[in-house]
$ cat final_22.tsv   # TSV, C-alpha atoms
chain	number	residue	atom	x	y	z
F	206	MET	CA	3.19	-84.22	-10.37
F	207	VAL	CA	1.02	-84.76	-7.29
F	208	GLU	CA	3.88	-85.14	-4.81
F	209	PRO	CA	4.37	-83.62	-1.33
F	210	HIS	CA	7.15	-81.30	-2.54
F	211	ALA	CA	5.09	-80.03	-5.49
F	212	LEU	CA	2.10	-79.42	-3.24
F	213	GLU	CA	4.28	-77.57	-0.70
F	214	VAL	CA	5.44	-75.28	-3.51
F	215	ALA	CA	1.84	-74.77	-4.60
F	216	LEU	CA	0.89	-73.77	-1.04
F	217	LEU	CA	3.84	-71.37	-0.87
F	218	VAL	CA	2.73	-69.74	-4.11
F	219	GLN	CA	-0.80	-69.57	-2.71
F	220	GLU	CA	0.49	-67.74	0.37
F	221	GLN	CA	2.37	-65.26	-1.81
F	222	VAL	CA	-0.73	-64.68	-3.89
F	223	GLN	CA	-2.73	-64.18	-0.70
F	224	ALA	CA	-0.23	-61.54	0.50
F	225	LYS	CA	-0.68	-59.61	-2.76
F	226	ILE	CA	-4.44	-59.92	-2.43
F	227	GLU	CA	-4.31	-58.41	1.05
F	228	GLN	CA	-2.19	-55.52	-0.26
F	229	SER	CA	-4.78	-54.87	-2.95
F	230	ASP	CA	-7.50	-55.12	-0.34
F	231	GLN	CA	-5.80	-52.39	1.71
F	232	LEU	CA	-5.60	-50.09	-1.30
F	233	ARG	CA	-9.28	-50.59	-2.11
F	234	TYR	CA	-10.21	-50.01	1.52
F	235	GLN	CA	-8.30	-46.73	1.45
F	236	GLN	CA	-10.45	-45.71	-1.51
F	237	VAL	CA	-13.55	-46.42	0.56
F	238	GLU	CA	-12.17	-44.33	3.42
F	239	ARG	CA	-11.38	-41.48	1.03
F	240	ALA	CA	-14.93	-41.59	-0.32
F	241	ARG	CA	-16.27	-41.58	3.25
F	242	TYR	CA	-14.09	-38.57	4.13
F	243	GLU	CA	-15.26	-36.65	1.05
F	244	ALA	CA	-18.90	-37.45	1.87
F	245	GLU	CA	-18.41	-36.25	5.43
F	246	LEU	CA	-16.70	-33.06	4.18
F	247	ALA	CA	-19.61	-32.40	1.81
F	248	ARG	CA	-22.05	-32.90	4.68
F	249	ARG	CA	-20.22	-30.36	6.85
F	250	ARG	CA	-20.21	-27.76	4.09
F	251	TYR	CA	-23.93	-28.23	3.62
F	252	MET	CA	-24.64	-27.97	7.35
F	253	GLN	CA	-22.65	-24.74	7.62
F	254	VAL	CA	-24.37	-22.89	4.76
F	255	ASP	CA	-26.83	-20.06	5.49
F	256	PRO	CA	-30.35	-21.48	5.03
F	257	GLU	CA	-31.42	-18.19	3.51
F	258	ASN	CA	-28.99	-18.70	0.64
F	259	ARG	CA	-31.12	-21.34	-1.11
F	260	LEU	CA	-29.06	-21.47	-4.32
F	261	VAL	CA	-25.84	-22.32	-2.49
F	262	ALA	CA	-27.67	-24.71	-0.14
F	263	ASP	CA	-29.22	-26.62	-3.06
F	264	SER	CA	-25.82	-26.92	-4.77
F	265	LEU	CA	-24.12	-28.18	-1.60
F	266	GLU	CA	-26.96	-30.63	-0.94
F	267	ALA	CA	-26.60	-32.03	-4.48
F	268	GLU	CA	-22.85	-32.37	-3.99
F	269	TRP	CA	-23.41	-34.18	-0.67
F	270	ASN	CA	-25.87	-36.62	-2.26
F	271	GLU	CA	-23.41	-37.34	-5.08
F	272	LYS	CA	-20.61	-38.03	-2.56
F	273	LEU	CA	-22.93	-40.39	-0.68
F	274	ARG	CA	-23.67	-42.29	-3.91
F	275	GLU	CA	-19.94	-42.52	-4.64
F	276	LEU	CA	-19.36	-43.85	-1.14
F	277	GLU	CA	-22.02	-46.52	-1.64
F	278	ARG	CA	-20.56	-47.56	-5.00
F	279	SER	CA	-17.10	-47.72	-3.47
F	280	ARG	CA	-18.35	-49.90	-0.61
F	281	GLU	CA	-20.16	-52.29	-2.96
F	282	GLU	CA	-17.10	-52.61	-5.23
F	283	TYR	CA	-14.89	-53.23	-2.20
F	284	GLU	CA	-17.13	-56.00	-0.86
F	285	ARG	CA	-17.48	-57.62	-4.29
F	286	ARG	CA	-13.72	-57.72	-4.90
F	287	ARG	CA	-13.10	-58.87	-1.36
F	288	GLN	CA	-15.40	-61.86	-1.80
F	289	GLU	CA	-13.72	-62.74	-5.12
F	290	ASP	CA	-10.21	-62.51	-3.73
F	291	ARG	CA	-10.82	-64.21	-0.40
F	292	GLN	CA	-8.56	-67.30	-0.60
F	293	ILE	CA	-7.35	-67.83	2.92
F	294	VAL	CA	-5.53	-71.16	3.30
F	295	ASP	CA	-6.02	-72.26	6.89
F	296	GLN	CA	-4.32	-75.21	8.55
F	297	GLU	CA	-7.22	-77.57	7.84
F	298	MET	CA	-7.21	-76.75	4.14
F	299	ARG	CA	-3.43	-77.10	4.08
F	300	SER	CA	-3.73	-80.62	5.53
F	301	GLN	CA	-6.36	-81.51	2.94
F	302	VAL	CA	-4.16	-80.29	0.08
F	303	LEU	CA	-1.16	-82.26	1.32
F	304	ALA	CA	-3.36	-85.34	1.68
F	305	LEU	CA	-3.76	-85.28	-2.11
F	306	ALA	CA	-0.25	-86.71	-2.39
F	307	ARG	CA	-1.62	-89.89	-0.85
F	308	ASP	CA	-5.25	-89.89	-1.99
F	309	PHE	CA	-4.91	-88.79	-5.60
F	310	PRO	CA	-2.70	-91.68	-6.86
F	311	ARG	CA	-4.82	-94.17	-4.94
F	312	LEU	CA	-8.04	-92.85	-6.46
F	313	TRP	CA	-6.51	-92.52	-9.94
F	314	GLN	CA	-5.20	-96.10	-9.99
F	315	ASP	CA	-8.29	-97.63	-8.41
F	316	PRO	CA	-9.89	-99.84	-11.12
F	317	ARG	CA	-13.29	-98.90	-9.71
F	318	THR	CA	-12.76	-95.24	-10.62
F	319	PRO	CA	-14.66	-94.66	-13.90
F	320	ASP	CA	-12.89	-92.85	-16.74
F	321	ARG	CA	-15.37	-89.96	-16.57
F	322	GLU	CA	-14.14	-89.22	-13.02
F	323	ARG	CA	-10.52	-89.37	-14.15
F	324	LYS	CA	-11.38	-86.84	-16.85
F	325	ARG	CA	-12.92	-84.54	-14.24
F	326	MET	CA	-9.79	-84.85	-12.11
F	327	VAL	CA	-7.61	-83.94	-15.08
F	328	ARG	CA	-9.76	-80.90	-15.86
F	329	LEU	CA	-9.38	-79.71	-12.26
F	330	MET	CA	-5.58	-80.04	-12.41
F	331	ILE	CA	-4.62	-79.03	-15.94
F	332	GLU	CA	-5.08	-75.59	-17.49
F	333	ASP	CA	-4.29	-76.66	-21.05
F	334	VAL	CA	-2.15	-78.99	-23.19
F	335	THR	CA	-0.34	-77.99	-26.38
F	336	LEU	CA	0.79	-80.59	-28.93
F	337	VAL	CA	3.57	-79.73	-31.37
F	338	LYS	CA	3.91	-82.21	-34.23
F	339	GLY	CA	7.39	-82.65	-35.71
F	340	ASP	CA	9.68	-85.65	-36.03
F	341	GLU	CA	8.15	-86.51	-32.65
F	342	ILE	CA	5.22	-85.21	-30.62
F	343	THR	CA	6.10	-82.54	-28.04
F	344	VAL	CA	3.50	-82.28	-25.28
F	345	GLN	CA	3.50	-79.07	-23.25
F	346	ILE	CA	1.29	-79.33	-20.15
F	347	ARG	CA	0.30	-76.27	-18.12
F	348	PHE	CA	-1.14	-77.08	-14.69
F	349	GLN	CA	-3.48	-74.94	-12.66
F	350	GLY	CA	-1.32	-72.52	-10.69
F	351	GLY	CA	1.35	-72.14	-13.39
F	352	ALA	CA	3.44	-75.32	-13.10
F	353	THR	CA	4.49	-76.77	-16.46
F	354	LYS	CA	5.84	-80.03	-17.79
F	355	SER	CA	7.08	-81.06	-21.25
F	356	LEU	CA	7.02	-84.57	-22.68
F	357	SER	CA	8.41	-85.98	-25.92
F	358	LEU	CA	6.55	-88.89	-27.47
F	359	PRO	CA	7.25	-90.85	-30.66
F	360	ARG	CA	4.91	-90.04	-33.51
F	361	PRO	CA	2.31	-92.78	-33.89
F	362	LEU	CA	2.19	-94.56	-37.21
F	363	PRO	CA	-0.58	-93.55	-39.61
F	364	SER	CA	-3.54	-95.87	-39.26
F	365	TRP	CA	-2.95	-97.35	-42.71
F	366	GLU	CA	0.62	-98.22	-41.76
F	367	GLU	CA	-0.19	-99.41	-38.25
F	368	TRP	CA	-2.91	-101.70	-39.58
F	369	LYS	CA	-0.92	-102.84	-42.59
F	370	THR	CA	-1.33	-106.50	-43.47
F	371	SER	CA	1.86	-108.48	-43.09
F	372	ALA	CA	3.77	-109.42	-46.26
F	373	GLU	CA	3.46	-113.08	-45.27
F	374	VAL	CA	-0.34	-112.93	-45.31
F	375	VAL	CA	-0.39	-111.08	-48.66
F	376	GLU	CA	1.93	-113.67	-50.20
F	377	GLU	CA	-0.19	-116.51	-48.86
F	378	ILE	CA	-3.39	-115.00	-50.28
F	379	ASP	CA	-1.65	-114.52	-53.65
F	380	ARG	CA	-0.57	-118.16	-53.64
F	381	LEU	CA	-3.96	-119.53	-52.60
F	382	LEU	CA	-6.04	-117.55	-55.11
F	383	GLY	CA	-5.09	-119.95	-57.87
F	384	GLU	CA	-6.68	-122.91	-56.07
F	385	HIS	CA	-9.31	-121.52	-53.67
F	386	THR	CA	-12.16	-119.04	-53.40
F	387	GLU	CA	-11.89	-116.05	-51.07
F	388	GLY	CA	-14.09	-117.74	-48.46
F	389	GLU	CA	-11.96	-120.88	-48.55
F	390	ILE	CA	-8.80	-118.78	-48.26
F	391	ALA	CA	-10.22	-117.07	-45.16
F	392	GLU	CA	-10.85	-120.46	-43.53
F	393	ILE	CA	-7.32	-121.62	-44.38
F	394	LEU	CA	-5.73	-118.45	-42.96
F	395	ASN	CA	-7.74	-118.70	-39.75
F	396	ALA	CA	-6.84	-122.36	-39.35
F	397	ARG	CA	-3.15	-121.47	-39.68
F	398	GLY	CA	-3.39	-118.73	-37.04
F	399	PHE	CA	-2.92	-115.73	-39.33
F	400	VAL	CA	-4.52	-112.39	-38.38
F	401	SER	CA	-5.11	-109.14	-40.22
F	402	GLY	CA	-3.20	-105.91	-39.60
F	403	GLN	CA	-5.79	-105.02	-36.94
F	404	GLY	CA	-5.32	-108.38	-35.24
F	405	LYS	CA	-8.64	-109.78	-36.44
F	406	GLY	CA	-9.57	-113.04	-38.10
F	407	PHE	CA	-10.43	-113.39	-41.76
F	408	HIS	CA	-13.61	-113.70	-43.76
F	409	ALA	CA	-14.23	-113.57	-47.50
F	410	ARG	CA	-14.78	-109.80	-47.60
F	411	ARG	CA	-11.53	-109.08	-45.72
F	412	VAL	CA	-9.59	-111.30	-48.12
F	413	ARG	CA	-11.20	-109.43	-51.04
F	414	VAL	CA	-10.27	-106.02	-49.55
F	415	ILE	CA	-6.63	-107.11	-49.13
F	416	ARG	CA	-6.53	-108.53	-52.65
F	417	ARG	CA	-7.76	-105.26	-54.11
F	418	ALA	CA	-5.54	-103.11	-51.87
F	419	TYR	CA	-2.42	-104.96	-53.02
F	420	ARG	CA	-3.66	-105.28	-56.61
F	421	LEU	CA	-3.44	-109.04	-56.70
F	422	LYS	CA	-4.95	-110.78	-59.70
F	423	SER	CA	-8.47	-111.94	-59.05
F	424	ARG	CA	-9.31	-115.64	-59.10
F	425	TYR	CA	-11.41	-115.03	-62.23
F	426	THR	CA	-8.45	-113.47	-64.09
F	427	ARG	CA	-6.13	-116.30	-63.07
F	428	LEU	CA	-8.54	-119.01	-64.21
F	429	ARG	CA	-9.29	-117.23	-67.46
F	430	GLU	CA	-5.57	-117.03	-68.19
F	431	GLN	CA	-5.45	-120.81	-67.70
F	432	GLY	CA	-8.07	-121.24	-70.44
F	433	TRP	CA	-11.26	-121.76	-68.45
F	434	TRP	CA	-14.51	-120.59	-70.11
F	435	ASN	CA	-17.38	-118.69	-68.58
F	436	LEU	CA	-20.99	-119.85	-68.88
F	437	THR	CA	-21.89	-117.42	-71.66
F	438	GLU	CA	-19.08	-118.62	-73.89
F	439	LEU	CA	-19.94	-122.26	-73.28
F	440	SER	CA	-23.62	-121.64	-73.97
F	441	LYS	CA	-22.83	-120.10	-77.37
F	442	LYS	CA	-20.35	-122.84	-78.24
F	443	LEU	CA	-22.75	-125.67	-77.46
F	444	ALA	CA	-25.89	-123.78	-78.51
F	445	THR	CA	-27.43	-124.75	-75.18
F	446	HIS	CA	-29.28	-122.56	-72.69
F	447	PRO	CA	-27.18	-121.60	-69.63
F	448	THR	CA	-29.79	-123.01	-67.25
F	449	THR	CA	-29.59	-126.37	-68.94
F	450	LEU	CA	-25.82	-126.35	-68.64
F	451	LYS	CA	-26.08	-125.51	-64.91
F	452	LYS	CA	-28.46	-128.44	-64.37
F	453	ARG	CA	-26.15	-130.83	-66.21
F	454	ARG	CA	-23.19	-129.63	-64.15
F	455	ALA	CA	-25.12	-130.09	-60.91
F	456	ALA	CA	-26.18	-133.59	-62.00
F	457	GLY	CA	-22.62	-134.47	-63.02
F	458	VAL	CA	-23.51	-135.23	-66.64
F	459	LEU	CA	-22.04	-132.16	-68.34
F	460	GLY	CA	-19.04	-134.07	-69.61
F	461	LEU	CA	-16.67	-131.16	-69.00
F	462	ALA	CA	-14.34	-130.34	-66.16
F	463	THR	CA	-15.43	-127.39	-63.98
F	464	VAL	CA	-13.76	-125.24	-61.38
F	465	ARG	CA	-15.45	-123.29	-58.62
F	466	LEU	CA	-15.07	-119.56	-59.25
F	467	ASN	CA	-16.33	-118.01	-55.99
F	468	ASP	CA	-18.42	-118.56	-52.87
F	469	MET	CA	-21.69	-117.88	-54.71
F	470	ASP	CA	-21.74	-121.27	-56.48
F	471	GLN	CA	-20.49	-119.88	-59.77
F	472	TYR	CA	-18.19	-121.99	-61.96
F	473	LEU	CA	-15.91	-121.76	-64.95
F	474	TYR	CA	-15.82	-124.53	-67.56
F	475	GLN	CA	-13.31	-126.50	-69.55
F	476	ASN	CA	-12.88	-125.55	-73.22
F	477	PRO	CA	-14.92	-128.21	-75.14
F	478	ASP	CA	-12.33	-128.41	-77.89
F	479	GLN	CA	-9.59	-129.07	-75.36
F	480	ALA	CA	-11.78	-131.65	-73.64
F	481	ARG	CA	-12.41	-133.43	-76.96
F	482	SER	CA	-8.73	-133.32	-77.88
F	483	SER	CA	-7.73	-134.67	-74.50
F	484	ALA	CA	-10.25	-137.51	-74.84
F	485	GLN	CA	-8.95	-138.47	-78.28
F	486	ASN	CA	-5.36	-138.43	-77.12
F	487	SER	CA	-6.29	-140.56	-74.16
F	488	THR	CA	-8.06	-143.09	-76.44
F	489	GLY	CA	-5.15	-143.22	-78.89
F	490	SER	CA	-2.67	-143.84	-76.10
F	491	THR	CA	-4.79	-146.67	-74.78
F	492	GLU	CA	-4.99	-148.37	-78.22
F	493	VAL	CA	-1.25	-148.10	-78.68

$ encode --input "final_22.tsv" --output "structure tokens"
Amino acid sequence: MVEPHALEVALLVQEQVQAKIEQSDQLRYQQVERARYEAELARRRYMQVDPENRLVADSLEAEWNEKLRELERSREEYERRRQEDRQIVDQEMRSQVLALARDFPRLWQDPRTPDRERKRMVRLMIEDVTLVKGDEITVQIRFQGGATKSLSLPRPLPSWEEWKTSAEVVEEIDRLLGEHTEGEIAEILNARGFVSGQGKGFHARRVRVIRRAYRLKSRYTRLREQGWWNLTELSKKLATHPTTLKKRRAAGVLGLATVRLNDMDQYLYQNPDQARSSAQNSTGSTEV
């Protein structure tokens, strides 16, 4: 919008506004002259009255004083409005305005110009902006001086849709949950170059949030469906304290298969009956 032609038009409008201001100034000045004439007329009437006629003299003097006060008020109002409306565009100012066509884009695009200065420049140029939200966003810009411009922009996606995790990542997490913890899955995804909907890498908490958002079965549910026991069930079955079972597992002498449940060193355990049955079958097969 800051182009030589647009600025020439702005200056032309300014000159037209200035012409109207000068017309208004003439009308207000005529009011001052009328007040001066009435004050002078009141003075003459007072000067011509017979001094012996005190009642008439006092009345004319009061009228004269009132006309003088009206003249003073008229003068003050005239000077105040004149100062407000004084917008003379001389040749030097005209040159400065036209120089904006060269200086403004240079300053705006200069990487050294901080954003706070760009915001100040926008506030100096733009009166207001109206956004109309429909199938697309209509932007109606009103510049200082009355110029307008309309833009049509595509509606941005809602944040949840813009940051939506890709179907490929969701499928991969669903596949890996059967064999890995959430922390391990995050490491695998990062190693394969996958990123989240916001373009970020993965960690255990982000994998957990995605799993819950897409209602994927938890690793615990999957392992339980495969027949793995938790520590409480195993403790009751073997009539052994859970701490003892943990120590045996850590020492590798539990005698049961285990599977890592999560990243907090919690495990699920093989069903003892299944383990015993598997051992017997293995022995029988060997003897045969």

$ residues_around --input "final_22.tsv" --residues "Val414 of chain F" --least-positions-apart "6" --cutoff "12 Å" --atoms "all atoms listed in the file" --output "list of chain:residue names"
F:Thr370, F:Val375, F:Ile378, F:Glu387, F:Ala391, F:Ser401, F:Phe407, F:His408, F:Arg420, F:Leu421, F:Ser423

$ residues_around --input "final_22.tsv" --residues "segment 468-476 of chain F" --least-positions-apart "2" --cutoff "9 Å" --atoms "all atoms listed in the file" --output "list in words"
Thr386, Glu387, Gly388, Glu389, Ala409, Tyr425, Leu428, Arg429, Gly432, Trp433, Trp434, Asn435, Leu436, Leu439, Leu461, Ala462, Thr463, Val464, Arg465, Leu466, Asp478, Gln479, Ala480 and Arg481 of chain F

$ atom_distance --input "final_22.tsv" --atom1 "atom CA of Arg239 of chain F" --atom2 "atom CA of Leu276 of chain F"
8.6 Å

$ atom_distance --input "final_22.tsv" --atom1 "atom CA of Asp340 of chain F" --atom2 "atom CA of Ser371 of chain F"
25.1 Å

$ closest_residue --input "final_22.tsv" --among "F:Leu246, F:Ile331, F:Leu443, F:Leu450" --to "Pro477 of chain F" --atoms "only C-alpha atoms"
F:Leu443

$ residues_around --input "final_22.tsv" --residues "Ala247 of chain F" --least-positions-apart "6" --cutoff "10 Å" --atoms "only C-alpha atoms" --output "PDB file with C-alpha atoms, in the coordinates of the input"
ATOM      1  CA  ARG F 241     -16.270 -41.580   3.250  1.00  0.00           C
ATOM      2  CA  LEU F 265     -24.120 -28.180  -1.600  1.00  0.00           C
ATOM      3  CA  GLU F 266     -26.960 -30.630  -0.940  1.00  0.00           C
ATOM      4  CA  ALA F 267     -26.600 -32.030  -4.480  1.00  0.00           C
ATOM      5  CA  GLU F 268     -22.850 -32.370  -3.990  1.00  0.00           C
ATOM      6  CA  TRP F 269     -23.410 -34.180  -0.670  1.00  0.00           C
ATOM      7  CA  ASN F 270     -25.870 -36.620  -2.260  1.00  0.00           C
ATOM      8  CA  GLU F 271     -23.410 -37.340  -5.080  1.00  0.00           C
ATOM      9  CA  LYS F 272     -20.610 -38.030  -2.560  1.00  0.00           C
ATOM     10  CA  LEU F 273     -22.930 -40.390  -0.680  1.00  0.00           C
TER      11      LEU F 273
END

$ atom_distance --input "final_22.tsv" --atom1 "atom CA of Arg424 of chain F" --atom2 "atom CA of Asp379 of chain F"
9.5 Å

$ closest_residue --input "final_22.tsv" --among "F:Glu257, F:Arg233, F:Gly457, F:Lys324" --to "Glu284 of chain F" --atoms "all atoms listed in the file"
F:Arg233

$ closest_residue --input "final_22.tsv" --among "F:Ala455, F:Ile346, F:Gly351, F:Val237" --to "Glu282 of chain F" --atoms "all atoms listed in the file"
F:Val237

$ closest_residue --input "final_22.tsv" --among "F:Val374, F:Ala352, F:Val334, F:Leu382" --to "Arg397 of chain F" --atoms "all atoms listed in the file"
F:Val374

$ decode --input "final_22.tsv" --residues "segment 333-354 of chain F" --atoms "N, CA and C atoms" --output "PDB file, in the first residue's frame"
ATOM      1  N   ASP F 333      -8.125   0.372  11.688  1.00  0.00           N
ATOM      2  CA  ASP F 333      -8.642  -0.826  12.327  1.00  0.00           C
ATOM      3  C   ASP F 333      -8.693  -1.966  11.308  1.00  0.00           C
ATOM      4  N   VAL F 334      -8.862  -3.183  11.818  1.00  0.00           N
ATOM      5  CA  VAL F 334      -8.958  -4.386  10.992  1.00  0.00           C
ATOM      6  C   VAL F 334     -10.160  -5.197  11.481  1.00  0.00           C
ATOM      7  N   THR F 335     -11.005  -5.610  10.547  1.00  0.00           N
ATOM      8  CA  THR F 335     -12.174  -6.414  10.880  1.00  0.00           C
ATOM      9  C   THR F 335     -12.018  -7.795  10.252  1.00  0.00           C
ATOM     10  N   LEU F 336     -12.211  -8.838  11.061  1.00  0.00           N
ATOM     11  CA  LEU F 336     -12.135 -10.211  10.579  1.00  0.00           C
ATOM     12  C   LEU F 336     -13.540 -10.795  10.543  1.00  0.00           C
ATOM     13  N   VAL F 337     -13.909 -11.358   9.416  1.00  0.00           N
ATOM     14  CA  VAL F 337     -15.207 -12.019   9.263  1.00  0.00           C
ATOM     15  C   VAL F 337     -14.937 -13.494   9.002  1.00  0.00           C
ATOM     16  N   LYS F 338     -15.411 -14.351   9.904  1.00  0.00           N
ATOM     17  CA  LYS F 338     -15.117 -15.778   9.828  1.00  0.00           C
ATOM     18  C   LYS F 338     -16.268 -16.508   9.144  1.00  0.00           C
ATOM     19  N   GLY F 339     -16.001 -17.107   8.003  1.00  0.00           N
ATOM     20  CA  GLY F 339     -16.965 -17.925   7.286  1.00  0.00           C
ATOM     21  C   GLY F 339     -16.271 -19.172   6.793  1.00  0.00           C
ATOM     22  N   ASP F 340     -16.566 -19.562   5.548  1.00  0.00           N
ATOM     23  CA  ASP F 340     -15.829 -20.677   4.945  1.00  0.00           C
ATOM     24  C   ASP F 340     -14.355 -20.323   4.805  1.00  0.00           C
ATOM     25  N   GLU F 341     -14.075 -19.023   4.721  1.00  0.00           N
ATOM     26  CA  GLU F 341     -12.713 -18.498   4.746  1.00  0.00           C
ATOM     27  C   GLU F 341     -12.707 -17.244   5.600  1.00  0.00           C
ATOM     28  N   ILE F 342     -11.534 -16.712   5.867  1.00  0.00           N
ATOM     29  CA  ILE F 342     -11.402 -15.517   6.684  1.00  0.00           C
ATOM     30  C   ILE F 342     -11.336 -14.294   5.766  1.00  0.00           C
ATOM     31  N   THR F 343     -12.282 -13.364   5.923  1.00  0.00           N
ATOM     32  CA  THR F 343     -12.253 -12.105   5.183  1.00  0.00           C
ATOM     33  C   THR F 343     -11.653 -11.036   6.088  1.00  0.00           C
ATOM     34  N   VAL F 344     -10.599 -10.391   5.603  1.00  0.00           N
ATOM     35  CA  VAL F 344      -9.894  -9.372   6.365  1.00  0.00           C
ATOM     36  C   VAL F 344     -10.166  -8.021   5.718  1.00  0.00           C
ATOM     37  N   GLN F 345     -10.803  -7.138   6.451  1.00  0.00           N
ATOM     38  CA  GLN F 345     -11.109  -5.799   5.956  1.00  0.00           C
ATOM     39  C   GLN F 345     -10.227  -4.797   6.705  1.00  0.00           C
ATOM     40  N   ILE F 346      -9.316  -4.163   5.969  1.00  0.00           N
ATOM     41  CA  ILE F 346      -8.336  -3.254   6.570  1.00  0.00           C
ATOM     42  C   ILE F 346      -8.719  -1.817   6.233  1.00  0.00           C
ATOM     43  N   ARG F 347      -8.781  -0.969   7.249  1.00  0.00           N
ATOM     44  CA  ARG F 347      -9.057   0.446   7.035  1.00  0.00           C
ATOM     45  C   ARG F 347      -7.824   1.237   7.459  1.00  0.00           C
ATOM     46  N   PHE F 348      -7.209   1.925   6.487  1.00  0.00           N
ATOM     47  CA  PHE F 348      -5.990   2.683   6.740  1.00  0.00           C
ATOM     48  C   PHE F 348      -6.332   4.082   7.240  1.00  0.00           C
ATOM     49  N   GLN F 349      -5.347   4.694   7.890  1.00  0.00           N
ATOM     50  CA  GLN F 349      -5.509   6.089   8.272  1.00  0.00           C
ATOM     51  C   GLN F 349      -5.726   6.927   7.009  1.00  0.00           C
ATOM     52  N   GLY F 350      -6.731   7.780   7.028  1.00  0.00           N
ATOM     53  CA  GLY F 350      -7.020   8.595   5.853  1.00  0.00           C
ATOM     54  C   GLY F 350      -8.174   8.065   5.031  1.00  0.00           C
ATOM     55  N   GLY F 351      -8.655   6.806   5.354  1.00  0.00           N
ATOM     56  CA  GLY F 351      -9.843   6.311   4.680  1.00  0.00           C
ATOM     57  C   GLY F 351      -9.628   5.223   3.657  1.00  0.00           C
ATOM     58  N   ALA F 352      -8.394   4.988   3.202  1.00  0.00           N
ATOM     59  CA  ALA F 352      -8.157   3.924   2.222  1.00  0.00           C
ATOM     60  C   ALA F 352      -8.494   2.567   2.843  1.00  0.00           C
ATOM     61  N   THR F 353      -9.000   1.652   2.020  1.00  0.00           N
ATOM     62  CA  THR F 353      -9.377   0.324   2.515  1.00  0.00           C
ATOM     63  C   THR F 353      -8.802  -0.758   1.617  1.00  0.00           C
ATOM     64  N   LYS F 354      -8.715  -1.944   2.172  1.00  0.00           N
ATOM     65  CA  LYS F 354      -8.250  -3.098   1.402  1.00  0.00           C
ATOM     66  C   LYS F 354      -8.875  -4.348   2.014  1.00  0.00           C
TER      67      LYS F 354
END
